[in-house]
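Source file start-v3.txt; content: compact mmCIF, C-alpha atoms.
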# COMPACT_ATOMS: atom_id res chain seq x y z
CA MET H 1217 108.92 85.42 100.40
CA LEU H 1218 110.22 88.98 100.53
CA LEU H 1219 113.85 89.50 101.33
CA LYS H 1220 115.31 91.02 104.46
CA ARG H 1221 117.03 94.38 104.31
CA ARG H 1222 119.74 94.30 106.94
CA GLU H 1223 122.62 96.68 107.47
CA GLU H 1224 125.13 94.14 106.17
CA ASP H 1225 123.08 93.81 102.98
CA HIS H 1226 123.64 97.43 101.99
CA GLY H 1227 126.61 96.76 99.79
CA ALA H 1228 125.15 93.61 98.27
CA PHE H 1229 122.02 95.39 97.14
CA GLY H 1230 124.04 98.31 95.84
CA PHE H 1231 122.05 101.09 97.52
CA GLY H 1232 125.19 103.19 97.69
CA SER H 1233 125.35 103.31 93.90
CA LEU H 1234 121.62 103.99 93.49
CA PRO H 1235 121.88 107.74 92.80
CA GLY H 1236 124.43 107.20 90.04
CA TRP H 1237 122.43 104.39 88.48
CA TYR H 1238 119.46 106.67 87.86
CA GLU H 1239 121.76 108.92 85.83
CA THR H 1240 122.75 106.10 83.46
CA GLU H 1241 120.95 105.47 80.18
CA LEU H 1242 119.27 102.41 81.67
CA GLY H 1243 118.29 104.27 84.83
CA ARG H 1244 116.76 107.13 82.85
CA ALA H 1245 114.81 104.63 80.74
CA PHE H 1246 113.54 102.97 83.93
CA SER H 1247 112.37 106.31 85.33
CA SER H 1248 110.70 107.29 82.05
CA ALA H 1249 108.77 104.02 82.00
CA THR H 1250 107.70 103.89 85.66
CA GLU H 1251 107.04 107.50 86.67
CA PRO H 1252 103.96 108.03 84.45
CA LEU H 1253 102.39 104.92 85.97
CA LEU H 1254 103.03 106.16 89.50
CA VAL H 1255 101.80 109.67 88.74
CA ASP H 1256 98.57 108.17 87.40
CA LEU H 1257 98.03 106.14 90.58
CA VAL H 1258 98.88 108.91 93.06
CA GLU H 1259 95.97 111.14 94.11
CA ALA H 1260 97.98 113.87 95.86
CA ARG H 1261 96.23 117.24 95.94
CA PRO H 1262 97.44 120.68 97.01
CA GLY H 1263 97.53 121.04 100.77
CA GLU H 1264 97.35 117.31 101.52
CA ARG H 1265 100.02 115.69 103.69
CA TRP H 1266 101.72 112.73 102.01
CA LEU H 1267 104.35 110.29 103.18
CA ASP H 1268 106.93 108.78 100.84
CA ALA H 1269 108.13 105.78 102.85
CA GLY H 1270 111.53 104.47 101.82
CA ALA H 1271 112.08 107.62 99.81
CA GLY H 1272 115.63 106.88 98.70
CA THR H 1273 116.94 109.87 96.78
CA GLY H 1274 113.51 111.52 96.78
CA ARG H 1275 112.50 110.97 93.15
CA LEU H 1276 108.88 110.14 94.00
CA ALA H 1277 108.73 112.71 96.78
CA ARG H 1278 109.56 115.37 94.19
CA LEU H 1279 106.66 114.22 92.03
CA LEU H 1280 104.32 114.47 95.02
CA ALA H 1281 105.62 117.93 95.91
CA ALA H 1282 105.09 119.06 92.32
CA ARG H 1283 101.37 118.39 92.83
CA GLY H 1284 101.28 120.80 95.74
CA ALA H 1285 101.22 118.23 98.52
CA GLU H 1286 103.04 118.69 101.81
CA VAL H 1287 105.51 115.80 101.56
CA VAL H 1288 107.46 113.96 104.23
CA ALA H 1289 110.22 111.75 102.81
CA ALA H 1290 111.15 108.98 105.27
CA GLU H 1291 114.29 106.92 104.63
CA HIS H 1292 116.47 104.79 106.91
CA ASP H 1293 119.70 105.37 104.95
CA PRO H 1294 121.21 108.71 106.04
CA LEU H 1295 123.33 109.06 102.89
CA LEU H 1296 120.35 108.72 100.55
CA LEU H 1297 118.30 110.99 102.78
CA ALA H 1298 120.97 113.70 102.70
CA LEU H 1299 121.03 113.52 98.92
CA ALA H 1300 117.25 113.81 98.76
CA ALA H 1301 117.30 116.86 101.04
CA ALA H 1302 120.03 118.54 98.99
CA ARG H 1303 118.22 117.99 95.70
CA GLU H 1304 114.79 119.12 96.80
CA PRO H 1305 114.39 121.49 99.76
CA THR H 1306 110.60 121.75 99.37
CA PHE H 1307 109.78 118.59 101.29
CA THR H 1308 110.64 117.40 104.79
CA THR H 1309 113.13 114.57 105.25
CA VAL H 1310 113.02 112.23 108.24
CA GLU H 1311 115.46 109.42 109.03
CA ALA H 1312 113.19 106.56 110.00
CA ASP H 1313 112.64 102.83 109.75
CA ILE H 1314 109.48 101.91 107.85
CA GLY H 1315 108.68 99.34 110.52
CA ASP H 1316 108.68 101.97 113.27
CA LEU H 1317 107.51 105.28 111.83
CA PRO H 1318 107.80 108.31 114.16
CA PHE H 1319 104.37 109.73 113.22
CA GLU H 1320 101.00 109.97 114.91
CA ASP H 1321 98.08 107.73 113.97
CA ALA H 1322 96.03 108.94 110.99
CA SER H 1323 98.46 111.78 110.30
CA PHE H 1324 98.72 111.46 106.49
CA ASP H 1325 96.26 111.91 103.63
CA GLY H 1326 98.16 109.45 101.47
CA ALA H 1327 101.39 107.51 101.19
CA THR H 1328 103.69 105.88 98.68
CA CYS H 1329 105.93 102.86 99.19
CA VAL H 1330 107.82 102.05 95.99
CA THR H 1331 110.56 99.40 95.61
CA VAL H 1332 110.79 99.14 99.39
CA LEU H 1333 108.85 96.08 100.59
CA GLU H 1334 111.17 93.75 98.66
CA PHE H 1335 114.04 94.81 100.92
CA VAL H 1336 112.64 95.11 104.43
CA ALA H 1337 112.98 92.49 107.14
CA ASP H 1338 109.25 92.39 107.93
CA PRO H 1339 107.03 93.68 105.12
CA ALA H 1340 103.88 92.77 107.05
CA ALA H 1341 104.91 95.03 109.94
CA ALA H 1342 105.84 97.79 107.48
CA LEU H 1343 102.38 97.75 105.93
CA VAL H 1344 100.72 97.74 109.35
CA GLU H 1345 102.75 100.86 110.20
CA LEU H 1346 101.76 102.54 106.95
CA ALA H 1347 98.11 101.73 107.60
CA ARG H 1348 98.44 103.17 111.11
CA VAL H 1349 99.66 106.58 109.94
CA LEU H 1350 97.07 106.89 107.16
CA SER H 1351 93.76 108.58 107.77
CA ASP H 1352 90.57 106.63 107.01
CA ASP H 1353 90.02 106.10 103.27
CA ALA H 1354 93.49 107.47 102.47
CA PRO H 1355 95.30 105.86 99.52
CA LEU H 1356 98.56 103.94 99.60
CA VAL H 1357 100.43 103.43 96.33
CA VAL H 1358 102.73 100.41 96.36
CA GLY H 1359 105.28 99.63 93.67
CA ALA H 1360 107.61 96.64 93.45
CA MET H 1361 110.06 94.88 91.18
CA GLN H 1362 108.54 91.57 90.18
CA HIS H 1363 110.23 88.19 90.34
CA ARG H 1364 108.43 86.77 87.27
CA SER H 1365 110.19 89.19 84.92
CA LEU H 1366 113.40 89.33 82.91
CA TRP H 1367 114.72 91.78 85.49
CA GLY H 1368 113.94 89.31 88.26
CA VAL H 1369 115.85 86.54 86.52
CA GLY H 1370 118.79 88.84 85.79
CA HIS H 1371 118.80 90.05 89.38
CA ARG H 1372 119.19 86.53 90.70
CA LEU H 1373 121.82 85.54 88.14
CA ARG H 1374 123.96 88.60 88.80
CA GLY H 1375 123.89 87.94 92.52
CA TRP H 1376 124.91 84.32 92.00
CA ARG H 1377 127.73 85.21 89.63
CA SER H 1378 129.08 88.05 91.72
CA GLY H 1379 129.16 86.01 94.93
CA SER H 1380 127.62 88.94 96.75
CA GLY H 1381 125.88 86.72 99.24
CA PRO H 1382 122.76 84.55 99.47
CA GLY H 1383 120.44 87.51 99.94
CA TYR H 1384 121.12 89.05 96.54
CA ALA H 1385 121.57 85.70 94.81
CA HIS H 1386 118.11 84.46 95.77
CA GLY H 1387 116.53 87.73 94.75
CA ALA H 1388 114.60 90.42 96.52
CA PHE H 1389 111.97 90.84 93.85
CA ALA H 1390 108.37 90.56 94.93
CA ARG H 1391 105.33 88.39 94.31
CA PRO H 1392 102.32 90.67 93.78
CA GLU H 1393 99.92 88.09 95.22
CA GLU H 1394 101.94 88.05 98.44
CA ILE H 1395 101.82 91.84 98.68
CA ASP H 1396 98.05 91.69 98.12
CA ARG H 1397 97.70 89.36 101.08
CA LEU H 1398 99.81 91.58 103.31
CA LEU H 1399 97.92 94.71 102.27
CA THR H 1400 94.60 93.09 103.13
CA GLU H 1401 95.86 91.80 106.48
CA ALA H 1402 97.08 95.30 107.33
CA GLY H 1403 93.57 96.71 106.89
CA LEU H 1404 94.06 98.14 103.42
CA ALA H 1405 91.39 97.55 100.78
CA LEU H 1406 92.72 96.67 97.33
CA GLU H 1407 91.64 99.09 94.63
CA GLY H 1408 91.76 98.12 90.97
CA ASP H 1409 94.41 95.77 89.63
CA TRP H 1410 98.18 95.70 89.51
CA ARG H 1411 99.53 97.76 86.64
CA GLY H 1412 102.81 97.02 84.93
CA ALA H 1413 105.67 98.74 83.16
CA ILE H 1414 108.87 97.49 81.53
CA TRP H 1415 108.98 94.19 79.68
CA TRP H 1416 112.36 94.82 78.07
CA PRO H 1417 115.48 93.21 79.59
CA PRO H 1418 117.84 95.22 81.84
CA LEU H 1419 120.25 95.95 79.01
CA GLY H 1420 121.42 99.09 77.30
CA GLY H 1421 122.95 99.55 73.89
CA PRO H 1422 120.95 98.28 70.90
CA VAL H 1423 118.09 97.13 73.15
CA GLY H 1424 117.23 100.77 73.74
CA HIS H 1425 115.74 101.13 70.26
CA LEU H 1426 113.51 98.10 70.83
CA ARG H 1427 112.04 99.05 74.20
CA ARG H 1428 108.82 100.54 72.91
CA PRO H 1429 107.79 97.57 70.71
CA ILE H 1430 108.88 95.11 73.42
CA ASP H 1431 106.70 96.91 75.96
CA ALA H 1432 103.76 97.00 73.57
CA ALA H 1433 104.02 93.26 72.94
CA GLY H 1434 104.59 92.46 76.62
CA ALA H 1435 101.60 94.46 77.80
CA ARG H 1436 99.41 92.64 75.30
CA LEU H 1437 100.76 89.10 75.60
CA ALA H 1438 102.16 88.84 79.13
CA PRO H 1439 100.76 91.59 81.37
CA GLY H 1440 101.75 89.69 84.52
CA ARG H 1441 105.42 89.56 83.52
CA ALA H 1442 106.23 93.25 83.78
CA ALA H 1443 109.42 94.07 85.68
CA PHE H 1444 107.76 96.86 87.64
CA MET H 1445 104.28 96.49 89.11
CA ALA H 1446 102.24 99.05 91.04
CA ARG H 1447 98.82 99.27 92.57
CA ARG H 1448 96.70 101.37 94.89
CA ALA H 1449 95.08 100.31 98.14
CA ARG H 1450 93.00 102.33 100.56
CA ARG H 1451 92.96 102.55 104.34
CA SER H 1452 89.85 100.90 105.71
CA ALA H 1453 87.88 102.60 108.47
CA ARG H 1454 89.45 101.88 111.83
CA ALA H 1455 86.23 100.51 113.25
CA THR H 1456 86.64 97.44 111.02
CA LEU H 1457 90.09 96.64 112.36
CA GLY H 1458 89.15 95.92 115.92
Turn the structure described in the file into structure tokens.
Amino acid sequence: MLLKRREEDHGAFGFGSLPGWYETELGRAFSSATEPLLVDLVEARPGERWLDAGAGTGRLARLLAARGAEVVAAEHDPLLLALAAAREPTFTTVEADIGDLPFEDASFDGATCVTVLEFVADPAAALVELARVLSDDAPLVVGAMQHRSLWGVGHRLRGWRSGSGPGYAHGAFARPEEIDRLLTEAGLALEGDWRGAIWWPPLGGPVGHLRRPIDAAGARLAPGRAAFMARRARRSARATLG
């Protein structure tokens, strides 16, 4: 089950500290490990219109814009959205809920939704909305933190120890097979397999020197245990959706 993202959960999940976290040694290592995977999955081309749903501080939107796409970064948190707009004026920012997107049907050539579904109240409705705004055969790249990983275990333990509430304690990390089901039900055809990054634990210090060999061993021995998983799906033709 994917966790709800309610207004009262904001502090528990720590979204307010998100921008600063990406500037830490651990946050930079996370970005370095996950961004190449996402860039490889994204098919954005110059002149195409792409949506980054749940854009946060706009890290992925900047990667899309660098490929020449016309990017709309949609985010429900006004503080994160303001930061995204200040850092990168080349894309459009829109304050919006992923479950009720203010865009016309079939108005995007592609979309990304990365580390978002784990935190929304109704991930099924969110994917239906994303399918609605995509043109036929347009790709959607989904990325999620995975519960069967060291990061998933640490996430749950930290929530329990901090007393930050049952939402964080029970974990927001995703089950890829559940996302697959929701993608299919939303009219999105799965393309290829889930791809993973990060097998090392969410620790800094001496662990930093071991990340590369840990990842190499993890990818070979336990590909389904990566902390971050991403895949591509494609919008089916509307005639098949009834």
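Coordinates place CA of Ala1322 (chain H) at a distance of 9.7 Å from CA of Arg1451 (chain H).
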Open item on the list: Could you check the closest approach to Asp1325 (chain H) for each of H:Pro1355, H:Pro1252, H:Pro1339, H:Gly1370 and tell me which residue wins, using all atoms listed in the file?
Closed with: H:Pro1355
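Counting only C-alpha atoms and comparing H:Glu1259, H:Glu1334, H:Glu1241, H:Glu1286, the residue that lies closest to Gly1424 (chain H) is H:Glu1241.
As for CA of Leu1366 (chain H) and CA of Phe1444 (chain H), they are spaced 10.5 Å apart.
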Task: Nearest to Val1258 (chain H) by atom-to-atom distance, counting all atoms listed in the file, from H:Glu1320, H:Ala1438, H:Val1330, H:Ala1290 - done: H:Val1330
Open item on the list: Which residues are close to Val1287 (chain H), i.e. within 8 Å by all atoms listed in the file, leaving aside same-chain residues fewer than 2 positions away? Reply as an NGL selection string.
Closed with: :H and (1265-1268 or 1277 or 1280-1281 or 1285 or 1289 or 1307-1308)
Hey, what's within 7 Å of Cys1329 (chain H) if we count only C-alpha atoms and toss same-chain stuff fewer than 4 positions away? As a PDB file with C-alpha atoms, in the coordinates of the input, please?
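What ended up in selection.pdb:
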ATOM      1  CA  ASP H1268     106.930 108.780 100.840  1.00  0.00           C
ATOM      2  CA  ALA H1269     108.130 105.780 102.850  1.00  0.00           C
ATOM      3  CA  GLY H1270     111.530 104.470 101.820  1.00  0.00           C
ATOM      4  CA  VAL H1357     100.430 103.430  96.330  1.00  0.00           C
ATOM      5  CA  VAL H1358     102.730 100.410  96.360  1.00  0.00           C
ATOM      6  CA  GLY H1359     105.280  99.630  93.670  1.00  0.00           C
TER       7      GLY H1359
END
- [ ] Could you tell me which of H:Arg1397, H:Arg1411, H:Arg1303, H:Arg1450 comes closest to Ala1435 (chain H) if we count only C-alpha atoms?
- [x] H:Arg1411
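The list of residues with at least one atom within 7 Å of Pro1417 (chain H), based on all atoms listed in the file and without residues fewer than 2 positions apart in the same chain, reads H:Leu1366, H:Trp1367, H:Trp1415, H:Leu1419.
Here CA of Ala1282 (chain H) is placed at a distance of 28.1 Å from CA of Ile1395 (chain H).
Each of H:Leu1254, H:Ala1442, H:Leu1297, H:Ala1390 was checked against Val1336 (chain H) using all atoms listed in the file; the smallest atom-to-atom distance is that of H:Ala1390.
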